[in-house]
Amino acid sequence: MAISLNILLLINFGWKQEQFAKKVERPMHFIIITYVLTIAIIPLVSETYNPLCGTCFLNVIWDTCSTKDEGELCIVRGNEQVVTVIRLIAFALILIVLIFCTVAMVWVYLHVRRQEMRNRRYIFGGSNNTENHRESRRIRKILFLYTLSLYFSYAPGLFAAFANKPISASISRTFVPLLGFWNMLVYFLPNCLKYQRDHPGTWLVTAYFQVLRPAPCAWSPSGMCAGQKEEVEDAPEMNFAKFNTTNEQPATTPVDSATQNNDLE
């Protein structure tokens, strides 16, 4: 959600990265830490962390009650209301995140597409138009992959919420933690594709390894580690702020093709 909001503000609303860090990123860190601590402490105080599928999870323990009829079960540890409320909050947050990120990415996608069409009216020459079209396609592909990784991680958890507890727990524990991994792959994909262009015949897996691997150390006489890894510059798609043209004005007025041809003759 933070990535989607960052891209939306950079491209559609003309924000700078420093402005986002000061006005949004810091308050967002505070909100996230407060929410996580609250959600973690409440079940701890109410003894609602209990064994489930071999791990400690939000769950209540049922056992036979001495105060009721024989064979009747009651909760001996945990609070069922806490479990229900936290699961509803988690379900609602996942749904809100999916909706927000989808709307934000579609909004940015349409903005980039409109900007590409607008540039065709003011920039002439096949190479310029081809390059603008290529950059527009690249940024739209990155936006789509970010949204796809979000759905791939959280959508199974939403469907698993209606399954039994072991299946739901297994699915959520498998897919949800992978969101950071998919985002990492998408974030470094432009650099990896650039590495492939600079090194024809390189597999994408090899390109990821070259981009992500730590630099080997060659210890200098001063005791410092001097990296020997080949530097890989950021691909242009990494700088989302460059696609922000909200505050830019066209440098020239549009000229129809007939007038342009006459000027060139």
# chains A, B, ... in the order shown; residues from 1 in each chain; ligands from 1

call {"tool": "select_by_dssp", "arguments": {"residues": "segment 33-211 of chain A", "states": "helix (DSSP H, G or I)", "output": "JSON, numbers by chain"}}
result
{"A": [33, 34, 35, 36, 37, 38, 39, 40, 41, 42, 43, 44, 45, 80, 81, 82, 83, 84, 85, 86, 87, 88, 89, 90, 91, 92, 93, 94, 95, 96, 97, 98, 99, 100, 101, 102, 103, 104, 105, 106, 107, 108, 109, 110, 111, 112, 113, 114, 115, 116, 117, 118, 119, 120, 121, 122, 126, 127, 128, 129, 130, 131, 132, 133, 134, 135, 136, 137, 138, 139, 140, 141, 142, 143, 144, 145, 146, 147, 148, 149, 150, 151, 152, 153, 154, 155, 156, 157, 158, 159, 160, 165, 166, 167, 168, 169, 170, 171, 172, 173, 174, 175, 176, 177, 178, 179, 180, 181, 182, 183, 184, 185, 186, 187, 188, 189, 190, 191, 192, 193, 194, 195, 196, 197, 198, 204, 205, 206, 207, 208, 209, 210, 211]}

call {"tool": "write_last_selection", "arguments": {"atoms": "C-alpha atoms", "output": "tab-separated table (two decimals), in the first residue's frame"}}
result
chain	number	residue	atom	x	y	z
A	33	ILE	CA	4.15	0.31	14.62
A	34	THR	CA	1.23	1.37	16.84
A	35	TYR	CA	-1.21	-0.92	15.02
A	36	VAL	CA	1.12	-3.94	15.09
A	37	LEU	CA	1.90	-3.53	18.79
A	38	THR	CA	-1.78	-3.16	19.64
A	39	ILE	CA	-2.81	-6.22	17.64
A	40	ALA	CA	0.03	-8.23	19.20
A	41	ILE	CA	-0.47	-7.18	22.84
A	42	ILE	CA	-4.25	-7.63	23.10
A	43	PRO	CA	-4.23	-11.40	22.42
A	44	LEU	CA	-1.21	-11.75	24.70
A	45	VAL	CA	-3.02	-10.13	27.62
A	80	GLU	CA	-13.33	-15.97	21.29
A	81	GLN	CA	-14.46	-12.34	20.92
A	82	VAL	CA	-10.83	-11.20	20.58
A	83	VAL	CA	-10.21	-13.81	17.88
A	84	THR	CA	-13.32	-12.74	15.95
A	85	VAL	CA	-12.59	-9.00	16.17
A	86	ILE	CA	-8.94	-9.33	15.12
A	87	ARG	CA	-9.83	-11.60	12.20
A	88	LEU	CA	-12.51	-9.16	11.04
A	89	ILE	CA	-10.04	-6.27	11.28
A	90	ALA	CA	-7.43	-8.23	9.32
A	91	PHE	CA	-10.00	-9.21	6.68
A	92	ALA	CA	-11.20	-5.60	6.34
A	93	LEU	CA	-7.65	-4.24	6.11
A	94	ILE	CA	-6.70	-6.73	3.39
A	95	LEU	CA	-9.83	-5.82	1.44
A	96	ILE	CA	-9.13	-2.07	1.84
A	97	VAL	CA	-5.51	-2.52	0.74
A	98	LEU	CA	-6.52	-4.51	-2.34
A	99	ILE	CA	-9.12	-1.92	-3.36
A	100	PHE	CA	-6.86	1.06	-2.68
A	101	CYS	CA	-3.86	-0.38	-4.51
A	102	THR	CA	-5.98	-1.42	-7.47
A	103	VAL	CA	-7.57	2.03	-7.78
A	104	ALA	CA	-4.20	3.77	-7.32
A	105	MET	CA	-2.46	1.64	-9.95
A	106	VAL	CA	-5.29	2.07	-12.45
A	107	TRP	CA	-5.24	5.83	-11.81
A	108	VAL	CA	-1.49	6.02	-12.38
A	109	TYR	CA	-1.74	3.72	-15.42
A	110	LEU	CA	-4.31	6.00	-17.05
A	111	HIS	CA	-2.28	9.10	-16.15
A	112	VAL	CA	0.87	7.70	-17.78
A	113	ARG	CA	-1.13	6.62	-20.81
A	114	ARG	CA	-2.71	10.08	-21.18
A	115	GLN	CA	0.70	11.70	-20.79
A	116	GLU	CA	2.09	9.51	-23.56
A	117	MET	CA	-0.74	10.52	-25.89
A	118	ARG	CA	-0.23	14.19	-24.97
A	119	ASN	CA	3.49	14.01	-25.71
A	120	ARG	CA	2.79	12.81	-29.23
A	121	ARG	CA	1.20	16.19	-29.95
A	122	TYR	CA	4.29	18.17	-28.93
A	126	GLY	CA	9.99	8.80	-34.84
A	127	SER	CA	12.78	8.12	-32.35
A	128	ASN	CA	11.32	10.43	-29.69
A	129	ASN	CA	7.83	9.01	-29.99
A	130	THR	CA	9.17	5.46	-29.97
A	131	GLU	CA	11.22	6.12	-26.83
A	132	ASN	CA	8.27	7.76	-25.03
A	133	HIS	CA	6.05	4.84	-25.95
A	134	ARG	CA	8.66	2.37	-24.74
A	135	GLU	CA	9.07	4.16	-21.39
A	136	SER	CA	5.31	4.39	-20.95
A	137	ARG	CA	4.96	0.67	-21.53
A	138	ARG	CA	7.76	-0.07	-19.07
A	139	ILE	CA	6.26	1.96	-16.22
A	140	ARG	CA	2.80	0.50	-16.87
A	141	LYS	CA	4.26	-3.01	-16.78
A	142	ILE	CA	5.93	-2.31	-13.42
A	143	LEU	CA	2.65	-0.98	-12.01
A	144	PHE	CA	0.81	-4.08	-13.19
A	145	LEU	CA	3.40	-6.40	-11.64
A	146	TYR	CA	3.23	-4.59	-8.28
A	147	THR	CA	-0.55	-5.01	-8.23
A	148	LEU	CA	-0.31	-8.62	-9.34
A	149	SER	CA	2.12	-9.45	-6.52
A	150	LEU	CA	-0.33	-7.95	-4.03
A	151	TYR	CA	-3.21	-10.08	-5.28
A	152	PHE	CA	-1.02	-13.17	-5.46
A	153	SER	CA	-0.11	-12.76	-1.78
A	154	TYR	CA	-3.39	-11.63	-0.19
A	155	ALA	CA	-6.23	-12.88	-2.40
A	156	PRO	CA	-5.71	-16.56	-1.41
A	157	GLY	CA	-5.96	-15.54	2.23
A	158	LEU	CA	-9.35	-13.93	1.63
A	159	PHE	CA	-10.73	-17.10	0.07
A	160	ALA	CA	-9.09	-19.24	2.75
A	165	LYS	CA	-8.79	-23.41	10.26
A	166	PRO	CA	-5.88	-25.70	9.23
A	167	ILE	CA	-6.32	-24.88	5.54
A	168	SER	CA	-6.79	-21.17	6.20
A	169	ALA	CA	-3.74	-21.00	8.44
A	170	SER	CA	-1.58	-22.94	5.99
A	171	ILE	CA	-2.54	-20.76	3.02
A	172	SER	CA	-2.11	-17.46	4.84
A	173	ARG	CA	1.25	-18.48	6.27
A	174	THR	CA	2.46	-19.54	2.83
A	175	PHE	CA	1.37	-16.64	0.63
A	176	VAL	CA	1.21	-13.52	2.82
A	177	PRO	CA	4.92	-13.47	3.85
A	178	LEU	CA	5.89	-13.72	0.16
A	179	LEU	CA	4.63	-10.18	-0.59
A	180	GLY	CA	7.98	-8.61	0.26
A	181	PHE	CA	9.77	-11.17	-1.91
A	182	TRP	CA	7.55	-10.48	-4.94
A	183	ASN	CA	7.91	-6.71	-4.45
A	184	MET	CA	11.67	-7.13	-4.33
A	185	LEU	CA	11.63	-9.05	-7.61
A	186	VAL	CA	9.46	-6.39	-9.26
A	187	TYR	CA	11.55	-3.52	-7.86
A	188	PHE	CA	14.82	-4.90	-9.23
A	189	LEU	CA	13.32	-6.22	-12.49
A	190	PRO	CA	14.24	-3.08	-14.51
A	191	ASN	CA	17.85	-3.33	-13.37
A	192	CYS	CA	17.92	-7.02	-14.25
A	193	LEU	CA	16.48	-6.36	-17.71
A	194	LYS	CA	19.08	-3.63	-18.21
A	195	TYR	CA	21.78	-6.09	-17.18
A	196	GLN	CA	20.44	-8.55	-19.76
A	197	ARG	CA	20.57	-5.86	-22.47
A	198	ASP	CA	24.16	-5.06	-21.52
A	204	LEU	CA	16.97	-13.59	-16.02
A	205	VAL	CA	17.84	-15.68	-12.95
A	206	THR	CA	21.53	-14.98	-13.55
A	207	ALA	CA	20.79	-11.27	-13.96
A	208	TYR	CA	18.97	-11.23	-10.60
A	209	PHE	CA	21.95	-12.96	-9.02
A	210	GLN	CA	24.38	-10.40	-10.46
A	211	VAL	CA	22.25	-7.44	-9.41

call {"tool": "atom_distance", "arguments": {"atom1": "atom CA of Met1 of chain A", "atom2": "atom CA of Met28 of chain A"}}
result
10.6 Å

call {"tool": "atom_distance", "arguments": {"atom1": "atom CA of Asn79 of chain A", "atom2": "atom CA of Cys56 of chain A"}}
result
14.7 Å

call {"tool": "closest_residue", "arguments": {"among": "A:Thr202, A:Thr55, A:Asn6, A:Asn50", "to": "Glu18 of chain A", "atoms": "only C-alpha atoms"}}
result
A:Asn6

call {"tool": "atom_distance", "arguments": {"atom1": "atom CA of Ser4 of chain A", "atom2": "atom CA of Phe30 of chain A"}}
result
18.5 Å

call {"tool": "residues_around", "arguments": {"residues": "Asp63 of chain A", "least_positions_apart": "5", "cutoff": "7 Å", "atoms": "only C-alpha atoms", "output": "PyMOL selection string"}}
result
chain A and resi 73-76

call {"tool": "select_by_dssp", "arguments": {"residues": "segment 31-202 of chain A", "states": "strand (DSSP E)", "output": "list in words"}}
result
Tyr49, Asn50, Pro51, Leu52, Thr55, Cys56, Phe57, Leu58, Ile61, Trp62, Asp63, Thr64, Leu73, Cys74, Ile75, Val76 and Arg77 of chain A

call {"tool": "write_last_selection", "arguments": {"atoms": "N, CA, C and O atoms", "output": "compact mmCIF listing (two decimals), in the first residue's frame"}}
result
# COMPACT_ATOMS: atom_id res chain seq x y z
N TYR A 49 -3.24 -16.41 22.47
CA TYR A 49 -2.24 -17.13 21.68
C TYR A 49 -2.18 -18.56 22.18
O TYR A 49 -1.76 -18.83 23.32
N ASN A 50 -2.57 -19.50 21.33
CA ASN A 50 -2.62 -20.90 21.72
C ASN A 50 -2.13 -21.78 20.58
O ASN A 50 -2.05 -21.32 19.43
N PRO A 51 -1.81 -23.03 20.86
CA PRO A 51 -1.30 -23.92 19.80
C PRO A 51 -2.33 -24.13 18.70
O PRO A 51 -3.52 -24.35 18.96
N LEU A 52 -1.84 -24.07 17.45
CA LEU A 52 -2.69 -24.33 16.29
C LEU A 52 -1.79 -24.79 15.15
O LEU A 52 -0.91 -24.04 14.71
N THR A 55 1.98 -24.36 15.68
CA THR A 55 2.52 -23.03 15.98
C THR A 55 1.63 -22.32 16.98
O THR A 55 0.54 -22.81 17.33
N CYS A 56 2.08 -21.17 17.41
CA CYS A 56 1.30 -20.34 18.32
C CYS A 56 0.50 -19.34 17.50
O CYS A 56 1.08 -18.55 16.74
N PHE A 57 -0.83 -19.37 17.62
CA PHE A 57 -1.68 -18.57 16.75
C PHE A 57 -2.90 -18.11 17.53
O PHE A 57 -3.16 -18.55 18.65
N LEU A 58 -3.66 -17.17 16.92
CA LEU A 58 -4.91 -16.73 17.54
C LEU A 58 -5.89 -17.90 17.55
O LEU A 58 -6.37 -18.33 16.50
N ILE A 61 -8.87 -22.59 23.26
CA ILE A 61 -8.79 -24.01 23.61
C ILE A 61 -10.10 -24.43 24.28
O ILE A 61 -10.54 -23.81 25.25
N TRP A 62 -10.70 -25.48 23.73
CA TRP A 62 -11.95 -26.01 24.29
C TRP A 62 -11.66 -27.29 25.08
O TRP A 62 -10.79 -28.07 24.71
N ASP A 63 -12.40 -27.46 26.14
CA ASP A 63 -12.26 -28.69 26.94
C ASP A 63 -13.58 -28.92 27.69
O ASP A 63 -14.46 -28.06 27.70
N THR A 64 -13.69 -30.08 28.28
CA THR A 64 -14.92 -30.39 29.02
C THR A 64 -15.03 -29.49 30.25
O THR A 64 -14.04 -29.15 30.89
N LEU A 73 -18.65 -28.87 26.09
CA LEU A 73 -17.36 -28.20 26.04
C LEU A 73 -17.50 -26.71 26.33
O LEU A 73 -18.54 -26.10 26.06
N CYS A 74 -16.43 -26.14 26.85
CA CYS A 74 -16.37 -24.71 27.06
C CYS A 74 -14.93 -24.24 26.86
O CYS A 74 -14.00 -25.06 26.81
N ILE A 75 -14.75 -22.94 26.74
CA ILE A 75 -13.42 -22.38 26.51
C ILE A 75 -12.66 -22.34 27.83
O ILE A 75 -13.12 -21.75 28.82
N VAL A 76 -11.49 -22.99 27.83
CA VAL A 76 -10.67 -23.01 29.04
C VAL A 76 -9.49 -22.05 28.94
O VAL A 76 -8.85 -21.74 29.95
N ARG A 77 -9.18 -21.59 27.74
CA ARG A 77 -8.11 -20.60 27.56
C ARG A 77 -8.37 -19.82 26.29
O ARG A 77 -8.67 -20.38 25.24
